[in-house]
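Structure data (PDB, C-alpha atoms) from my_file.pdb:
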```pdb
ATOM      1  CA  MET A   1       0.000   0.000   0.000
ATOM      2  CA  SER A   2       1.277   3.454  -0.836
ATOM      3  CA  GLU A   3       2.152   6.055   1.726
ATOM      4  CA  GLN A   4      -0.617   8.261   0.383
ATOM      5  CA  TRP A   5      -3.102   5.484   0.907
ATOM      6  CA  GLU A   6      -1.846   5.007   4.480
ATOM      7  CA  ARG A   7      -2.305   8.708   5.138
ATOM      8  CA  ARG A   8      -5.827   8.563   3.819
ATOM      9  CA  LEU A   9      -6.570   5.543   5.958
ATOM     10  CA  GLN A  10      -5.176   7.357   8.975
ATOM     11  CA  ALA A  11      -7.310  10.393   8.136
ATOM     12  CA  PHE A  12     -10.345   8.120   7.820
ATOM     13  CA  HIS A  13      -9.535   6.572  11.177
ATOM     14  CA  ASP A  14      -9.287  10.022  12.725
ATOM     15  CA  GLY A  15     -12.521  11.188  11.087
ATOM     16  CA  GLU A  16     -10.737  13.802   9.023
ATOM     17  CA  LEU A  17     -11.903  12.788   5.551
ATOM     18  CA  SER A  18     -14.597  14.628   3.653
ATOM     19  CA  ARG A  19     -17.947  12.924   3.222
ATOM     20  CA  LEU A  20     -17.048  11.827  -0.297
ATOM     21  CA  GLY A  21     -13.652  10.596   0.821
ATOM     22  CA  ARG A  22     -15.270   8.699   3.651
ATOM     23  CA  LEU A  23     -17.703   6.998   1.263
ATOM     24  CA  ARG A  24     -14.863   6.012  -1.041
ATOM     25  CA  MET A  25     -12.862   4.652   1.839
ATOM     26  CA  GLU A  26     -15.818   2.682   3.169
ATOM     27  CA  ARG A  27     -16.324   1.185  -0.274
ATOM     28  CA  ARG A  28     -12.701   0.150  -0.462
ATOM     29  CA  LEU A  29     -12.780  -1.254   3.054
ATOM     30  CA  ARG A  30     -15.758  -3.396   2.117
ATOM     31  CA  ARG A  31     -13.825  -5.153  -0.632
ATOM     32  CA  ASP A  32     -10.273  -5.042   0.693
ATOM     33  CA  PRO A  33      -9.568  -7.309   3.686
ATOM     34  CA  GLU A  34      -6.001  -6.033   4.002
ATOM     35  CA  ALA A  35      -7.286  -2.494   4.358
ATOM     36  CA  ARG A  36      -9.740  -3.600   7.036
ATOM     37  CA  GLN A  37      -6.935  -5.354   8.853
ATOM     38  CA  GLN A  38      -4.793  -2.213   8.748
ATOM     39  CA  LEU A  39      -7.663  -0.075  10.004
ATOM     40  CA  ALA A  40      -8.181  -2.504  12.878
ATOM     41  CA  ARG A  41      -4.498  -2.209  13.711
ATOM     42  CA  LEU A  42      -4.740   1.579  13.743
ATOM     43  CA  SER A  43      -7.682   1.432  16.116
ATOM     44  CA  GLU A  44      -5.837  -0.972  18.381
ATOM     45  CA  ILE A  45      -2.716   1.178  18.567
ATOM     46  CA  GLY A  46      -4.777   4.333  19.040
ATOM     47  CA  GLY A  47      -6.526   2.674  21.973
ATOM     48  CA  LEU A  48      -3.221   1.726  23.529
ATOM     49  CA  VAL A  49      -1.902   5.259  23.191
ATOM     50  CA  ARG A  50      -5.054   6.722  24.733
ATOM     51  CA  GLU A  51      -4.841   4.290  27.628
ATOM     52  CA  HIS A  52      -1.232   5.208  28.159
ATOM     53  CA  GLU A  53      -2.013   8.926  28.135
ATOM     54  CA  ALA A  54      -4.985   8.478  30.449
ATOM     55  CA  ALA A  55      -2.765   6.642  32.911
ATOM     56  CA  GLY A  56      -0.601   9.774  33.033
ATOM     57  CA  GLU A  57       2.547   7.728  32.790
ATOM     58  CA  ALA A  58       4.129   9.567  29.910
ATOM     59  CA  PRO A  59       7.375  10.964  31.216
ATOM     60  CA  ASP A  60       8.237  14.564  30.434
ATOM     61  CA  LEU A  61      11.619  13.573  29.156
ATOM     62  CA  TRP A  62      13.132  16.914  28.505
ATOM     63  CA  HIS A  63      12.134  18.672  31.655
ATOM     64  CA  ALA A  64      12.882  15.855  34.016
ATOM     65  CA  ILE A  65      16.263  14.923  32.731
ATOM     66  CA  ARG A  66      19.826  15.889  32.871
ATOM     67  CA  ALA A  67      21.287  15.615  29.419
ATOM     68  CA  GLU A  68      24.652  14.189  28.652
ATOM     69  CA  LEU A  69      25.803  14.151  25.064
ATOM     70  CA  ARG A  70      28.385  11.522  24.294
ATOM     71  CA  PRO A  71      30.064  10.897  20.957
ATOM     72  CA  ALA A  72      30.096   7.221  21.829
ATOM     73  CA  ALA A  73      26.345   7.230  21.946
ATOM     74  CA  ALA A  74      26.309   7.911  18.240
ATOM     75  CA  THR A  75      27.118   4.249  17.771
ATOM     76  CA  ALA A  76      24.372   3.141  20.098
ATOM     77  CA  ALA A  77      21.604   1.172  18.510
ATOM     78  CA  PRO A  78      18.702   3.452  17.607
ATOM     79  CA  PRO A  79      15.335   2.620  19.028
ATOM     80  CA  GLU A  80      13.371   0.091  17.073
ATOM     81  CA  PRO A  81      11.638   1.963  14.272
ATOM     82  CA  ALA A  82       7.889   1.987  14.011
ATOM     83  CA  PRO A  83       6.517  -0.409  11.422
ATOM     84  CA  GLU A  84       6.585   1.116   7.951
ATOM     85  CA  ARG A  85       2.886   0.600   7.568
ATOM     86  CA  VAL A  86       1.981   2.789  10.503
ATOM     87  CA  PRO A  87       4.024   5.976  10.020
ATOM     88  CA  TRP A  88       1.836   7.967  12.374
ATOM     89  CA  LEU A  89       3.060   5.809  15.247
ATOM     90  CA  ARG A  90       6.098   8.046  15.197
ATOM     91  CA  TRP A  91       3.873  10.901  16.295
ATOM     92  CA  ALA A  92       2.252   8.786  18.956
ATOM     93  CA  ALA A  93       5.558   7.984  20.573
ATOM     94  CA  PRO A  94       7.368  11.315  20.878
ATOM     95  CA  SER A  95       9.844   9.937  23.346
ATOM     96  CA  LEU A  96      11.035   7.385  20.788
ATOM     97  CA  ALA A  97      11.282  10.039  18.120
ATOM     98  CA  ALA A  98      13.286  12.286  20.386
ATOM     99  CA  ALA A  99      15.648   9.469  21.201
ATOM    100  CA  ALA A 100      16.107   8.607  17.551
ATOM    101  CA  ALA A 101      16.644  12.195  16.454
ATOM    102  CA  ALA A 102      19.309  12.736  19.039
ATOM    103  CA  ALA A 103      21.362   9.610  18.729
ATOM    104  CA  ALA A 104      24.179  11.417  20.487
ATOM    105  CA  ILE A 105      22.099  12.202  23.524
ATOM    106  CA  VAL A 106      22.310  10.120  26.627
ATOM    107  CA  VAL A 107      20.019  11.244  29.348
ATOM    108  CA  THR A 108      20.311  10.776  33.035
ATOM    109  CA  LEU A 109      17.589  11.541  35.491
ATOM    110  CA  TYR A 110      18.086  14.349  37.903
ATOM    111  CA  GLY A 111      16.098  14.443  41.051
ATOM    112  CA  GLY A 112      14.998  17.719  42.584
ATOM    113  CA  ASP A 113      14.527  19.899  39.504
ATOM    114  CA  ASP A 114      11.137  21.434  39.114
ATOM    115  CA  PRO A 115       9.938  20.569  35.612
ATOM    116  CA  ALA A 116       7.694  23.628  35.478
ATOM    117  CA  ALA A 117      10.654  25.883  36.143
ATOM    118  CA  ALA A 118      13.013  24.239  33.680
ATOM    119  CA  SER A 119      14.412  26.500  30.988
ATOM    120  CA  LEU A 120      16.184  24.097  28.703
ATOM    121  CA  ARG A 121      14.209  23.208  25.595
ATOM    122  CA  TRP A 122      16.930  21.508  23.598
ATOM    123  CA  LEU A 123      20.685  21.416  23.442
ATOM    124  CA  ASP A 124      23.193  20.355  20.825
ATOM    125  CA  SER A 125      26.769  20.282  21.998
ATOM    126  CA  GLY A 126      28.164  19.107  18.684
ATOM    127  CA  GLY A 127      29.157  15.666  19.842
ATOM    128  CA  ARG A 128      30.763  16.943  23.004
ATOM    129  CA  SER A 129      29.576  15.657  26.337
ATOM    130  CA  ALA A 130      27.390  18.090  28.239
ATOM    131  CA  MET A 131      25.715  17.876  31.588
ATOM    132  CA  VAL A 132      22.735  19.796  32.858
ATOM    133  CA  LEU A 133      23.822  20.370  36.423
ATOM    134  CA  GLN A 134      20.828  22.431  37.397
ATOM    135  CA  ASP A 135      17.617  23.593  35.777
ATOM    136  CA  ASP A 136      15.220  25.024  38.310
ATOM    137  CA  ARG A 137      13.843  28.366  39.421
ATOM    138  CA  GLU A 138      17.230  29.637  40.459
ATOM    139  CA  ALA A 139      19.362  28.944  37.404
ATOM    140  CA  THR A 140      20.109  26.691  34.487
ATOM    141  CA  ILE A 141      23.668  25.414  34.576
ATOM    142  CA  ILE A 142      25.075  23.438  31.668
ATOM    143  CA  TRP A 143      28.618  22.177  31.664
ATOM    144  CA  LEU A 144      30.447  21.090  28.540
ATOM    145  CA  LEU A 145      32.952  18.349  29.211
ATOM    146  CA  GLU A 146      36.348  18.050  27.636
ATOM    147  CA  GLY A 147      36.953  16.331  24.328
ATOM    148  CA  GLY A 148      35.229  16.223  20.960
ATOM    149  CA  GLY A 149      33.434  19.248  19.615
ATOM    150  CA  ARG A 150      32.879  20.390  16.090
ATOM    151  CA  ASP A 151      36.416  21.604  15.604
ATOM    152  CA  GLY A 152      37.974  21.263  18.982
ATOM    153  CA  GLY A 153      36.782  24.750  19.907
ATOM    154  CA  ALA A 154      38.435  26.300  22.899
ATOM    155  CA  SER A 155      40.123  23.076  23.819
ATOM    156  CA  SER A 156      42.489  23.390  20.906
ATOM    157  CA  SER A 157      43.495  26.898  21.928
ATOM    158  CA  THR A 158      44.914  25.603  25.149
ATOM    159  CA  GLY A 159      46.007  22.206  24.040
ATOM    160  CA  GLY A 160      42.887  20.541  25.389
ATOM    161  CA  THR A 161      44.727  19.486  28.518
ATOM    162  CA  HIS A 162      42.298  20.833  31.082
ATOM    163  CA  ARG A 163      40.056  18.492  32.909
ATOM    164  CA  ALA A 164      36.465  19.156  33.829
ATOM    165  CA  LEU A 165      36.157  20.595  37.273
ATOM    166  CA  ILE A 166      32.939  18.854  38.156
TER     167      ILE A 166
ATOM    168  CA  MET B   1     -17.760  71.603 -18.886
ATOM    169  CA  ARG B   2     -16.918  72.921 -15.466
ATOM    170  CA  SER B   3     -18.535  69.960 -13.738
ATOM    171  CA  SER B   4     -16.510  67.649 -15.941
ATOM    172  CA  ARG B   5     -13.273  69.329 -14.806
ATOM    173  CA  LEU B   6     -14.412  69.068 -11.212
ATOM    174  CA  CYS B   7     -15.024  65.378 -11.734
ATOM    175  CA  VAL B   8     -11.524  64.894 -13.172
ATOM    176  CA  LEU B   9      -9.998  66.842 -10.289
ATOM    177  CA  ALA B  10     -11.976  64.867  -7.725
ATOM    178  CA  SER B  11     -10.983  61.572  -9.274
ATOM    179  CA  ARG B  12      -7.303  62.637  -9.231
ATOM    180  CA  VAL B  13      -7.564  63.586  -5.553
ATOM    181  CA  VAL B  14      -9.148  60.234  -4.789
ATOM    182  CA  ALA B  15      -6.472  58.408  -6.790
ATOM    183  CA  VAL B  16      -3.685  60.241  -4.941
ATOM    184  CA  ALA B  17      -5.355  59.475  -1.612
ATOM    185  CA  VAL B  18      -5.704  55.800  -2.492
ATOM    186  CA  LEU B  19      -2.087  55.565  -3.650
ATOM    187  CA  SER B  20      -0.888  57.326  -0.500
ATOM    188  CA  ALA B  21      -2.885  54.964   1.672
ATOM    189  CA  ALA B  22      -1.512  51.966  -0.233
ATOM    190  CA  TRP B  23       2.038  53.265   0.163
ATOM    191  CA  LEU B  24       1.508  53.720   3.881
ATOM    192  CA  VAL B  25       0.228  50.165   4.193
ATOM    193  CA  VAL B  26       3.171  48.775   2.224
ATOM    194  CA  ALA B  27       5.660  50.878   4.171
ATOM    195  CA  ALA B  28       4.189  49.818   7.495
ATOM    196  CA  ALA B  29       3.978  46.110   6.658
ATOM    197  CA  PRO B  30       7.679  45.210   7.000
ATOM    198  CA  ALA B  31       7.795  46.827  10.417
ATOM    199  CA  ARG B  32       4.989  44.586  11.601
ATOM    200  CA  ALA B  33       6.386  41.477   9.919
ATOM    201  CA  ASP B  34       9.783  42.158  11.410
ATOM    202  CA  GLY B  35       8.250  41.822  14.845
ATOM    203  CA  ALA B  36      11.335  43.106  16.579
ATOM    204  CA  GLY B  37       9.178  45.019  19.036
ATOM    205  CA  GLU B  38      10.590  46.571  22.174
ATOM    206  CA  PRO B  39      14.206  45.707  22.857
ATOM    207  CA  ILE B  40      14.725  43.170  25.622
ATOM    208  CA  GLY B  41      17.544  43.692  28.055
ATOM    209  CA  PHE B  42      20.185  41.034  28.541
ATOM    210  CA  GLU B  43      23.366  40.819  30.513
ATOM    211  CA  VAL B  44      26.194  38.532  29.471
ATOM    212  CA  THR B  45      28.812  37.857  32.098
ATOM    213  CA  VAL B  46      31.982  35.965  31.307
ATOM    214  CA  VAL B  47      33.712  34.244  34.179
ATOM    215  CA  HIS B  48      36.913  32.276  34.541
ATOM    216  CA  VAL B  49      37.081  29.407  37.016
ATOM    217  CA  SER B  50      40.183  27.455  37.777
ATOM    218  CA  SER B  51      41.448  24.681  39.980
ATOM    219  CA  GLU B  52      44.465  26.874  40.746
ATOM    220  CA  PRO B  53      44.267  28.624  44.126
ATOM    221  CA  GLY B  54      43.088  32.214  44.034
ATOM    222  CA  GLY B  55      39.749  32.341  45.764
ATOM    223  CA  VAL B  56      36.707  34.216  44.656
ATOM    224  CA  ALA B  57      37.065  37.822  43.592
ATOM    225  CA  LYS B  58      35.456  40.196  46.048
ATOM    226  CA  ASP B  59      33.094  42.021  43.746
ATOM    227  CA  PRO B  60      29.376  41.334  44.204
ATOM    228  CA  ARG B  61      28.961  39.859  40.717
ATOM    229  CA  ALA B  62      31.631  37.246  41.408
ATOM    230  CA  ARG B  63      30.073  36.417  44.757
ATOM    231  CA  ARG B  64      26.642  35.992  43.233
ATOM    232  CA  ILE B  65      27.977  33.700  40.527
ATOM    233  CA  ASP B  66      29.976  31.804  43.113
ATOM    234  CA  GLY B  67      26.719  31.305  44.993
ATOM    235  CA  LEU B  68      25.252  29.636  41.910
ATOM    236  CA  LEU B  69      28.257  27.690  40.681
ATOM    237  CA  GLY B  70      29.922  26.773  43.954
ATOM    238  CA  LYS B  71      27.206  24.273  44.760
ATOM    239  CA  LYS B  72      27.678  22.419  41.516
ATOM    240  CA  ILE B  73      31.231  22.919  40.305
ATOM    241  CA  ARG B  74      34.503  22.395  42.101
ATOM    242  CA  TYR B  75      37.026  25.204  41.632
ATOM    243  CA  GLU B  76      39.573  27.098  43.655
ATOM    244  CA  SER B  77      39.318  30.488  42.006
ATOM    245  CA  LEU B  78      36.657  32.507  40.260
ATOM    246  CA  ARG B  79      36.923  35.899  38.628
ATOM    247  CA  VAL B  80      34.608  37.907  36.405
ATOM    248  CA  LEU B  81      36.283  38.771  33.108
ATOM    249  CA  THR B  82      33.607  40.939  31.506
ATOM    250  CA  THR B  83      29.999  41.929  31.860
ATOM    251  CA  GLU B  84      28.227  43.266  28.817
ATOM    252  CA  ARG B  85      24.704  44.498  28.374
ATOM    253  CA  ARG B  86      22.711  44.087  25.216
ATOM    254  CA  SER B  87      19.270  45.317  24.204
ATOM    255  CA  VAL B  88      17.930  42.975  21.575
ATOM    256  CA  GLY B  89      14.544  42.895  19.879
ATOM    257  CA  LEU B  90      12.685  39.714  19.078
ATOM    258  CA  ASN B  91      14.419  37.794  16.294
ATOM    259  CA  GLU B  92      17.424  40.069  16.441
ATOM    260  CA  ILE B  93      20.809  38.668  17.337
ATOM    261  CA  GLY B  94      22.868  39.755  20.292
ATOM    262  CA  SER B  95      26.530  38.864  20.167
ATOM    263  CA  VAL B  96      29.454  38.895  22.553
ATOM    264  CA  THR B  97      33.003  37.870  21.661
ATOM    265  CA  LEU B  98      34.509  35.639  24.299
ATOM    266  CA  PRO B  99      38.171  35.732  25.370
ATOM    267  CA  THR B 100      38.665  32.455  23.490
ATOM    268  CA  GLY B 101      37.746  34.256  20.279
ATOM    269  CA  GLN B 102      34.481  32.387  20.091
ATOM    270  CA  ARG B 103      31.294  34.323  19.541
ATOM    271  CA  PHE B 104      28.456  33.886  21.954
ATOM    272  CA  ARG B 105      25.246  34.740  20.152
ATOM    273  CA  PHE B 106      21.680  34.738  21.313
ATOM    274  CA  ARG B 107      18.384  35.498  19.629
ATOM    275  CA  PRO B 108      15.148  36.076  21.533
ATOM    276  CA  ILE B 109      12.459  34.219  19.639
ATOM    277  CA  ASP B 110       9.388  34.754  21.736
ATOM    278  CA  GLN B 111       8.362  36.600  24.855
ATOM    279  CA  GLY B 112       5.608  35.461  27.167
ATOM    280  CA  PRO B 113       4.548  35.272  30.802
ATOM    281  CA  GLN B 114       7.049  32.483  31.412
ATOM    282  CA  GLY B 115       9.924  34.515  30.107
ATOM    283  CA  VAL B 116      11.817  34.926  26.880
ATOM    284  CA  LEU B 117      12.479  31.997  24.592
ATOM    285  CA  ILE B 118      16.073  32.412  23.503
ATOM    286  CA  ALA B 119      18.123  30.541  20.931
ATOM    287  CA  VAL B 120      21.720  30.446  22.063
ATOM    288  CA  ASP B 121      24.737  29.628  19.928
ATOM    289  CA  MET B 122      28.276  29.424  21.192
ATOM    290  CA  ASP B 123      30.736  28.886  18.333
ATOM    291  CA  ALA B 124      31.974  25.322  18.059
ATOM    292  CA  ALA B 125      30.592  24.440  21.461
ATOM    293  CA  ALA B 126      26.857  24.389  21.917
ATOM    294  CA  GLN B 127      23.515  25.479  20.609
ATOM    295  CA  GLY B 128      20.232  25.369  22.392
ATOM    296  CA  ASP B 129      16.896  26.958  23.167
ATOM    297  CA  PHE B 130      15.963  28.180  26.610
ATOM    298  CA  ARG B 131      12.863  29.744  28.122
ATOM    299  CA  VAL B 132      14.301  32.275  30.494
ATOM    300  CA  PRO B 133      12.327  34.255  33.066
ATOM    301  CA  LYS B 134      13.684  37.588  34.184
ATOM    302  CA  GLY B 135      16.498  37.237  36.678
ATOM    303  CA  LYS B 136      17.107  33.550  36.065
ATOM    304  CA  PRO B 137      20.539  33.039  34.544
ATOM    305  CA  ILE B 138      21.561  30.533  31.919
ATOM    306  CA  VAL B 139      25.054  29.335  32.711
ATOM    307  CA  LEU B 140      27.147  27.665  30.015
ATOM    308  CA  GLY B 141      30.543  26.527  31.199
ATOM    309  CA  GLY B 142      33.336  24.156  30.469
ATOM    310  CA  ASN B 143      35.279  25.616  27.553
ATOM    311  CA  ALA B 144      38.974  25.537  28.363
ATOM    312  CA  TYR B 145      40.601  28.914  28.815
ATOM    313  CA  GLU B 146      44.005  29.739  30.266
ATOM    314  CA  ASP B 147      44.547  27.516  33.283
ATOM    315  CA  GLY B 148      40.884  26.820  33.823
ATOM    316  CA  GLN B 149      37.543  27.089  32.165
ATOM    317  CA  LEU B 150      35.280  29.755  30.845
ATOM    318  CA  VAL B 151      31.745  30.257  32.053
ATOM    319  CA  VAL B 152      29.205  32.378  30.172
ATOM    320  CA  ILE B 153      26.157  33.613  32.036
ATOM    321  CA  LEU B 154      23.210  34.982  30.091
ATOM    322  CA  GLU B 155      20.488  36.753  31.989
ATOM    323  CA  HIS B 156      17.291  38.491  30.945
ATOM    324  CA  THR B 157      17.304  41.786  32.791
ATOM    325  CA  ASP B 158      14.463  44.046  31.655
TER     326      ASP B 158
END
```

Would you mind writing the file out in structure tokens?
Amino acid sequence: MSEQWERRLQAFHDGELSRLGRLRMERRLRRDPEARQQLARLSEIGGLVREHEAAGEAPDLWHAIRAELRPAAATAAPPEPAPERVPWLRWAAPSLAAAAAAAAIVVTLYGGDDPAAASLRWLDSGGRSAMVLQDDREATIIWLLEGGGRDGGASSSTGGTHRALI
Amino acid sequence: MRSSRLCVLASRVVAVAVLSAAWLVVAAAPARADGAGEPIGFEVTVVHVSSEPGGVAKDPRARRIDGLLGKKIRYESLRVLTTERRSVGLNEIGSVTLPTGQRFRFRPIDQGPQGVLIAVDMDAAAQGDFRVPKGKPIVLGGNAYEDGQLVVILEHTD
């Protein structure tokens, strides 16, 4: 099935098709068992996502974490991709998407920060390790660790011999 | 005949008025689209911390920064290198050249009750977006400089 068809099926599932489009889709569903199967799968996954959201278990990754960017993480296995046939699953699992988009990001939880007061939205340290030491009402403190970087940056100007003071 | 001339004159006046109004609209449009608005005040403080003995400089700025950093970072000396103020409109770029030669640039993207959303870019080191309320500093440290490390503190002032 084409990607366009999958989008239309998704739109049908979400009730976003026009009346004519809906009629066409219903006609196709009547004579295409594979399409019916795919629609059933969409409904099933949608139900799971709604249950998950209702349970309030979705972690607020970015506000609750301390971020550490490691070049080594670039070689880490990316999260298992969503099945090709259900591209919208990528939207339904933002945490997976975030993890995949930032293959260089390793996150560590930090207790005590107030998520509502966090300032950091995103950070790219160019392959260099970085730690969010604090992100609360008082301050946001981010520390770049030695090594790596897009072109060595300041490290090269001093021989890169200084260690992190953390 | 006279009424005909009056009609021509009136139509010319109307045409000039319409053209003037159109010009005003066109001239005013870029200012609105630009959206720079009122300048927002920022303070960029550049600090050097080192594991070499030296203590914390006695000026109030150094003491305040020491109060923030001392709880998180281990160092033996801290001194403020520069403090610069910038007034930057939305989507304009504020820039400060650091002692390492790097440029520290920031661009306020949006302003709301929770503070200013700022895109920050430090050459060859880091980029990021932060939502910064007034008085809450963003501290970016760790770049090697002299015998220690450089710390850049960005704060929304007024």

* To do: Just give me the residues with any atom within 12 Å of (10.2, 35.2, 30.4), file coordinates, counting all atoms listed in the file, written as a ChimeraX atom specification.
  => /A:117-119,137 /B:40-42,108-118,130-137,155-158

* For the file shown, what are the residues hit by the PyMOL selection byres ((chain B) within 9 of (chain A)), laid out as a PyMOL selection string? -> chain B and resi 49-51+68-69+72-75+100-102+114+117+123-133+135-149+151+153

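Going from CA of Val120 in chain B to CA of Val80 in chain B covers 20.7 Å.
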
* Asked: Any idea what the distance is between CA of Gly54 in chain B and CA of Ser95 in chain B?
  -> 29.8 Å

* Two-atom distance - CA of Met25 in chain A, CA of Leu9 in chain A (Å) ->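 Atom-to-atom, CA of Met25 in chain A and CA of Leu9 in chain A are spaced 7.6 Å apart.
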
* Smallest atom-to-atom distance to Ile93 in chain B: which of B:Asp66, B:Glu52, B:Glu38, B:Asp121, using only C-alpha atoms? ->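 Among the listed residues, B:Asp121 lies closest to Ile93 in chain B.
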
Output as AutoDock Vina command-line options the centre and edge lengths (Å, one decimal) of the box along x, y and z of the file that holds every listed atom of range 105-117 of chain B after adding 8 Å on each side.
```
--center_x 14.9 --center_y 34.3 --center_z 25.5 --size_x 36.7 --size_y 20.6 --size_z 27.8
```
